[in-house]
$ cat structure-v9.csv   # CSV, C-alpha atoms and all ligand atoms
chain,number,residue,atom,x,y,z
G,1,MET,CA,49.4,9.7,27.7
G,2,PRO,CA,49.2,12.7,25.4
G,3,ASN,CA,49.8,16.3,26.2
G,4,LEU,CA,51.9,15.9,29.3
G,5,PRO,CA,55.7,16.3,29.3
G,6,ALA,CA,58.2,13.7,30.1
G,7,GLY,CA,59.0,13.4,33.8
G,8,GLN,CA,61.5,16.0,35.0
G,9,SER,CA,62.5,15.7,38.6
G,10,SER,CA,63.2,12.4,40.1
G,11,ARG,CA,64.4,11.9,43.7
G,12,TYR,CA,65.7,8.5,42.7
G,13,GLY,CA,68.3,9.4,40.1
G,14,ASP,CA,67.0,8.6,36.6
G,15,SER,CA,63.7,9.8,35.3
G,16,GLN,CA,62.3,6.5,34.2
G,17,ALA,CA,59.6,6.7,36.9
G,18,LEU,CA,56.1,7.7,35.9
G,19,SER,CA,55.6,11.2,37.4
G,20,VAL,CA,52.3,11.4,39.2
G,21,VAL,CA,50.4,14.4,40.7
G,22,VAL,CA,47.6,13.5,43.1
G,23,LEU,CA,44.7,15.9,43.8
G,24,VAL,CA,43.0,15.6,47.1
G,25,SER,CA,40.3,17.4,49.3
G,26,GLY,CA,40.0,15.2,52.4
G,27,THR,CA,41.5,12.6,54.6
G,28,GLY,CA,43.9,11.2,52.0
G,29,THR,CA,43.8,7.5,52.7
G,30,ASN,CA,44.0,6.7,49.0
G,31,LEU,CA,46.9,9.1,48.6
G,32,GLN,CA,48.5,7.2,51.5
G,33,ALA,CA,48.0,3.9,49.7
G,34,ILE,CA,49.9,5.4,46.7
G,35,LEU,CA,52.7,6.8,48.8
G,36,ASP,CA,53.1,3.5,50.7
G,37,ARG,CA,53.1,1.4,47.5
G,38,PHE,CA,55.6,3.5,45.6
G,39,ARG,CA,58.0,4.8,48.3
G,40,GLY,CA,61.4,4.4,46.8
G,41,SER,CA,60.0,2.8,43.7
G,42,PRO,CA,61.9,3.3,40.4
G,43,GLU,CA,58.5,2.9,38.6
G,44,VAL,CA,56.4,5.7,40.0
G,45,GLU,CA,57.2,8.9,41.7
G,46,VAL,CA,54.6,11.2,43.3
G,47,VAL,CA,55.9,14.6,42.3
G,48,GLY,CA,53.2,16.7,43.8
G,49,VAL,CA,50.0,16.8,45.8
G,50,ALA,CA,47.5,19.6,45.3
G,51,SER,CA,44.3,20.4,47.1
G,52,ASN,CA,41.4,22.9,46.9
G,53,LYS,CA,41.3,22.7,50.7
G,54,PRO,CA,44.1,24.3,52.7
G,55,ASP,CA,43.3,22.2,55.7
G,56,ALA,CA,42.9,18.9,54.0
G,57,PRO,CA,44.6,16.2,56.2
G,58,ALA,CA,45.9,14.6,53.0
G,59,LEU,CA,48.3,17.5,52.6
G,60,ALA,CA,50.0,16.6,55.9
G,61,ARG,CA,50.5,13.0,54.6
G,62,ALA,CA,52.3,14.4,51.5
G,63,LYS,CA,54.5,16.8,53.6
G,64,ARG,CA,55.5,13.9,55.9
G,65,GLU,CA,57.0,12.2,52.8
G,66,ASP,CA,58.6,15.5,51.5
G,67,VAL,CA,56.3,15.5,48.5
G,68,PRO,CA,55.8,19.1,47.3
G,69,THR,CA,52.3,20.4,48.0
G,70,GLU,CA,50.2,23.3,46.8
G,71,THR,CA,46.7,24.7,47.6
G,72,PHE,CA,44.4,26.1,45.0
G,73,ALA,CA,41.4,27.4,47.0
G,74,ARG,CA,38.5,28.5,44.8
G,75,THR,CA,38.2,31.7,46.7
G,76,SER,CA,41.7,32.8,45.8
G,77,TYR,CA,40.8,33.0,42.1
G,78,GLY,CA,38.2,35.0,40.1
G,79,SER,CA,36.6,31.8,38.7
G,80,ARG,CA,36.8,28.1,38.8
G,81,ALA,CA,38.3,28.1,35.3
G,82,GLU,CA,41.1,30.5,36.5
G,83,ARG,CA,41.8,28.3,39.5
G,84,ASP,CA,41.9,25.2,37.4
G,85,GLU,CA,44.3,26.8,34.9
G,86,ALA,CA,46.7,27.8,37.7
G,87,MET,CA,46.5,24.2,39.0
G,88,ALA,CA,47.1,22.9,35.5
G,89,GLN,CA,50.2,25.1,35.1
G,90,TRP,CA,51.5,23.8,38.5
G,91,ILE,CA,50.9,20.2,37.5
G,92,LYS,CA,52.8,20.7,34.2
G,93,ALA,CA,55.7,22.4,36.0
G,94,ARG,CA,56.0,19.3,38.3
G,95,GLY,CA,56.4,17.3,35.1
G,96,ALA,CA,53.4,15.1,35.8
G,97,GLN,CA,52.5,12.4,33.3
G,98,LEU,CA,49.5,11.1,35.2
G,99,VAL,CA,47.0,13.1,37.4
G,100,VAL,CA,45.1,11.0,40.0
G,101,LEU,CA,42.0,12.4,41.6
G,102,ALA,CA,42.0,10.7,45.0
G,103,GLY,CA,39.0,12.2,46.9
G,104,TYR,CA,39.2,15.5,45.0
G,105,MET,CA,35.8,16.9,45.6
G,106,GLU,CA,35.4,19.5,42.9
G,107,ILE,CA,34.4,19.3,39.3
G,108,LEU,CA,37.3,20.2,36.9
G,109,SER,CA,36.6,22.7,34.2
G,110,PRO,CA,36.4,21.5,30.6
G,111,ARG,CA,39.7,23.2,29.7
G,112,PHE,CA,41.6,21.4,32.4
G,113,VAL,CA,40.1,18.0,31.4
G,114,ASN,CA,40.8,18.6,27.7
G,115,GLN,CA,44.4,19.6,28.0
G,116,PHE,CA,45.3,16.5,30.0
G,117,GLN,CA,42.9,14.2,28.0
G,118,ALA,CA,43.2,10.6,29.0
G,119,SER,CA,45.9,11.3,31.6
G,120,VAL,CA,43.5,12.1,34.5
G,121,ILE,CA,41.9,9.3,36.5
G,122,ASN,CA,39.4,9.3,39.3
G,123,ILE,CA,38.5,6.8,42.0
G,124,HIS,CA,34.8,6.5,43.0
G,125,PRO,CA,33.2,4.3,45.7
G,126,SER,CA,30.4,2.7,43.7
G,127,LEU,CA,29.9,0.7,40.6
G,128,LEU,CA,29.3,3.6,38.2
G,129,PRO,CA,27.1,4.7,36.6
G,130,ALA,CA,25.2,3.7,39.8
G,131,PHE,CA,25.5,6.3,42.6
G,132,PRO,CA,27.6,9.1,41.1
G,133,GLY,CA,28.3,12.2,43.3
G,134,LEU,CA,28.4,12.4,47.0
G,135,ASN,CA,27.7,9.8,49.8
G,136,SER,CA,27.7,6.9,47.3
G,137,ILE,CA,28.3,4.2,49.9
G,138,GLU,CA,25.6,5.4,52.2
G,139,ARG,CA,23.1,5.8,49.4
G,140,ALA,CA,23.8,2.3,48.0
G,141,TYR,CA,23.5,0.8,51.5
G,142,SER,CA,20.3,2.5,52.4
G,143,GLU,CA,18.8,1.4,49.1
G,144,GLY,CA,19.6,-2.2,50.1
G,145,VAL,CA,21.7,-3.0,47.0
G,146,ALA,CA,23.0,-6.6,46.8
G,147,GLU,CA,26.4,-5.1,45.9
G,148,SER,CA,28.3,-1.9,45.4
G,149,GLY,CA,32.0,-1.4,44.9
G,150,VAL,CA,34.8,0.7,43.4
G,151,THR,CA,35.3,2.3,40.0
G,152,ILE,CA,38.4,3.8,38.6
G,153,HIS,CA,37.8,5.8,35.4
G,154,ILE,CA,39.3,8.3,33.0
G,155,VAL,CA,38.0,11.8,33.8
G,156,ASP,CA,35.9,13.6,31.3
G,157,GLU,CA,33.8,16.7,31.6
G,158,GLY,CA,31.0,15.1,33.5
G,159,VAL,CA,30.5,14.1,37.2
G,160,ASP,CA,31.9,10.6,37.7
G,161,THR,CA,31.5,9.8,34.1
G,162,GLY,CA,34.3,8.9,31.6
G,163,PRO,CA,35.6,5.6,30.3
G,164,VAL,CA,35.9,2.9,33.0
G,165,ILE,CA,39.3,1.4,33.6
G,166,VAL,CA,38.4,-1.1,36.2
G,167,GLN,CA,35.5,-1.9,38.5
G,168,HIS,CA,35.5,-4.1,41.5
G,169,ALA,CA,32.3,-5.3,43.2
G,170,VAL,CA,31.8,-5.7,46.9
G,171,ARG,CA,28.8,-7.7,48.0
G,172,LEU,CA,26.7,-6.5,50.9
G,173,ARG,CA,26.8,-9.3,53.5
G,174,GLN,CA,23.8,-10.5,55.4
G,175,GLY,CA,23.2,-8.2,58.4
G,176,GLU,CA,26.3,-6.1,57.6
G,177,GLY,CA,26.4,-2.6,59.1
G,178,LEU,CA,27.2,0.5,57.0
G,179,HIS,CA,30.5,1.0,58.8
G,180,GLU,CA,31.8,-2.4,57.9
G,181,PHE,CA,30.5,-2.2,54.3
G,182,GLU,CA,32.3,1.2,54.0
G,183,ARG,CA,35.5,-0.3,55.5
G,184,ARG,CA,35.5,-3.1,53.0
G,185,ILE,CA,34.9,-0.8,50.1
G,186,HIS,CA,37.8,1.5,51.2
G,187,GLU,CA,40.0,-1.5,51.6
G,188,VAL,CA,39.4,-2.4,47.9
G,189,GLU,CA,40.1,1.2,46.9
G,190,HIS,CA,43.4,1.2,48.7
G,191,GLU,CA,44.4,-1.9,46.7
G,192,LEU,CA,43.0,-1.0,43.4
G,193,LEU,CA,44.2,2.6,43.0
G,194,PRO,CA,47.9,1.8,43.4
G,195,ALA,CA,47.5,-1.2,41.1
G,196,VAL,CA,46.0,1.0,38.3
G,197,VAL,CA,48.8,3.5,38.8
G,198,ALA,CA,51.4,0.7,38.5
G,199,ARG,CA,49.6,-0.4,35.3
G,200,PHE,CA,50.0,3.1,33.8
G,201,ALA,CA,53.7,3.0,34.7
G,202,LYS,CA,54.1,-0.4,33.0
G,203,GLY,CA,52.1,0.6,30.0
G,204,ARG,CA,54.3,3.6,29.5
G,205,GLN,CA,57.5,1.4,29.8
G,206,LYS,CA,56.0,-0.9,27.2
G,207,ALA,CA,56.0,2.0,24.7
G,208,ARG,CA,52.4,3.2,25.0
G,209,LYS,CA,50.7,-0.1,25.0
G,210,SER,CA,46.9,0.2,24.8
G,211,PRO,CA,44.9,0.7,28.1
G,212,ARG,CA,43.4,-2.7,27.2
G,213,ASN,CA,46.2,-3.9,29.4
G,214,PHE,CA,43.9,-3.1,32.3
G,215,ALA,CA,41.8,-6.0,31.4
G,216,ALA,CA,44.2,-8.2,33.2
G,217,LEU,CA,44.0,-6.2,36.4
G,218,ARG,CA,42.8,-8.4,39.2
G,219,THR,CA,44.8,-9.1,42.2
G,220,ARG,CA,44.9,-12.3,44.2
G,221,LYS,CA,43.6,-10.7,47.3
G,222,SER,CA,40.7,-9.1,45.4
G,223,ARG,CA,39.8,-12.5,44.0
G,224,ARG,CA,39.6,-13.9,47.5
G,225,SER,CA,37.6,-11.2,49.3
G,226,THR,CA,35.2,-9.9,46.7
G,227,ARG,CA,33.9,-10.6,43.2
G,228,SER,CA,35.6,-8.8,40.4
G,229,ARG,CA,33.6,-7.9,37.3
G,230,ALA,CA,33.0,-5.7,34.4
G,231,ILE,CA,36.5,-4.7,33.6
G,232,ALA,CA,36.4,-2.5,30.5
G,233,SER,CA,39.1,-0.9,28.4
G,234,ALA,CA,39.7,2.8,28.8
G,235,ARG,CA,40.1,3.7,25.2
G,301,LIG,C1,37.2,7.8,48.5
G,301,LIG,O1,36.1,7.0,48.9
G,301,LIG,C2,37.2,8.1,47.0
G,301,LIG,O2,36.6,7.0,46.3
G,301,LIG,C3,36.2,9.2,46.9
G,301,LIG,O3,36.5,10.0,48.0
G,301,LIG,C4,37.1,9.2,49.1
G,301,LIG,C5,38.4,9.8,49.4
G,301,LIG,O4,38.9,9.3,50.6
G,301,LIG,N1,36.3,9.9,45.6
G,301,LIG,P1,40.4,9.6,51.1
G,301,LIG,O5,40.5,11.1,51.2
G,301,LIG,O6,41.3,9.0,50.0
G,301,LIG,O7,40.5,8.9,52.4

$ encode --input "structure-v9.csv" --output "structure tokens"
Amino acid sequence: MPNLPAGQSSRYGDSQALSVVVLVSGTGTNLQAILDRFRGSPEVEVVGVASNKPDAPALARAKREDVPTETFARTSYGSRAERDEAMAQWIKARGAQLVVLAGYMEILSPRFVNQFQASVINIHPSLLPAFPGLNSIERAYSEGVAESGVTIHIVDEGVDTGPVIVQHAVRLRQGEGLHEFERRIHEVEHELLPAVVARFAKGRQKARKSPRNFAALRTRKSRRSTRSRAIASAR
């Protein structure tokens, strides 16, 4: 994980935990999955949560857990690049080693992406490159796909592009409604995202092992409920 400092502040004594900053814009159920999974964990510490939306419900989830929060509204800065630079400085000051986009609904400027390189990951509710952008589940459903799913990938300068870390397919069941299809996709997200963060933490402990480690990522529950496929290495 290049270009990010070693973790600084740990609420749990030593600083062996992977320091993670989560960027959010909305409800924050994926943030909640991370907070729940790593509460009190010596492996991962959420050191900050930032949003472009001052009223994002996700911020309240962080505050409830005493995680420092900050808002970087686009309107408070002269340009998107300026806003992203301020956010980058805040992230670095938190000592973050991994930045997780969990429903962060703005495109990051090239400078932001380049300074964090492969240390920014995003979760997206489709099997990318299919259905990038907004309303991915609805669009997949209304096109009558046989399956959609979840992708977690390294962030690059594009919209929902960048090297895939893991993908997990969810088959559309016969007669299934959109609401249930969405629910099942979100369920996979809430399992997969903390699992990927845990893999980053493990990879770091194992002295920068290659992201090929992700090839082994497949939980028992996932195997039962949906079909796992197309797991590619990040870099
Ligand atoms: C998730 O579906 C995520 O994949 C997408 O935005 C949604 C965020 O949901 N990028 P939440 O705010 O985590 O509940």

$ atom_distance --input "structure-v9.csv" --atom1 "atom CA of G:Ala33" --atom2 "atom CA of G:Arg61"
10.6 Å

$ residues_near_ligand --input "structure-v9.csv" --ligand "ligand LIG 301 (chain G)" --cutoff "6 Å" --atoms "all atoms listed in the file" --output "ChimeraX atom specification"
/G:26-31,102-103,123-125

$ closest_residue --input "structure-v9.csv" --among "G:Asp160, G:Glu191, G:Ala201, G:Gly175" --to "G:Ala130" --atoms "all atoms listed in the file"
G:Asp160

$ closest_residue --input "structure-v9.csv" --among "G:Glu85, G:Glu43, G:Glu138, G:Glu143" --to "G:Phe116" --atoms "only C-alpha atoms"
G:Glu85

$ closest_residue --input "structure-v9.csv" --among "G:Arg37, G:Arg83, G:Arg204, G:Arg64" --to "G:Ser51" --atoms "all atoms listed in the file"
G:Arg83

$ atom_distance --input "structure-v9.csv" --atom1 "atom CA of G:Thr69" --atom2 "atom CA of G:Val47"
8.9 Å

$ atom_distance --input "structure-v9.csv" --atom1 "atom CA of G:Ile185" --atom2 "atom CA of G:Lys202"
25.7 Å
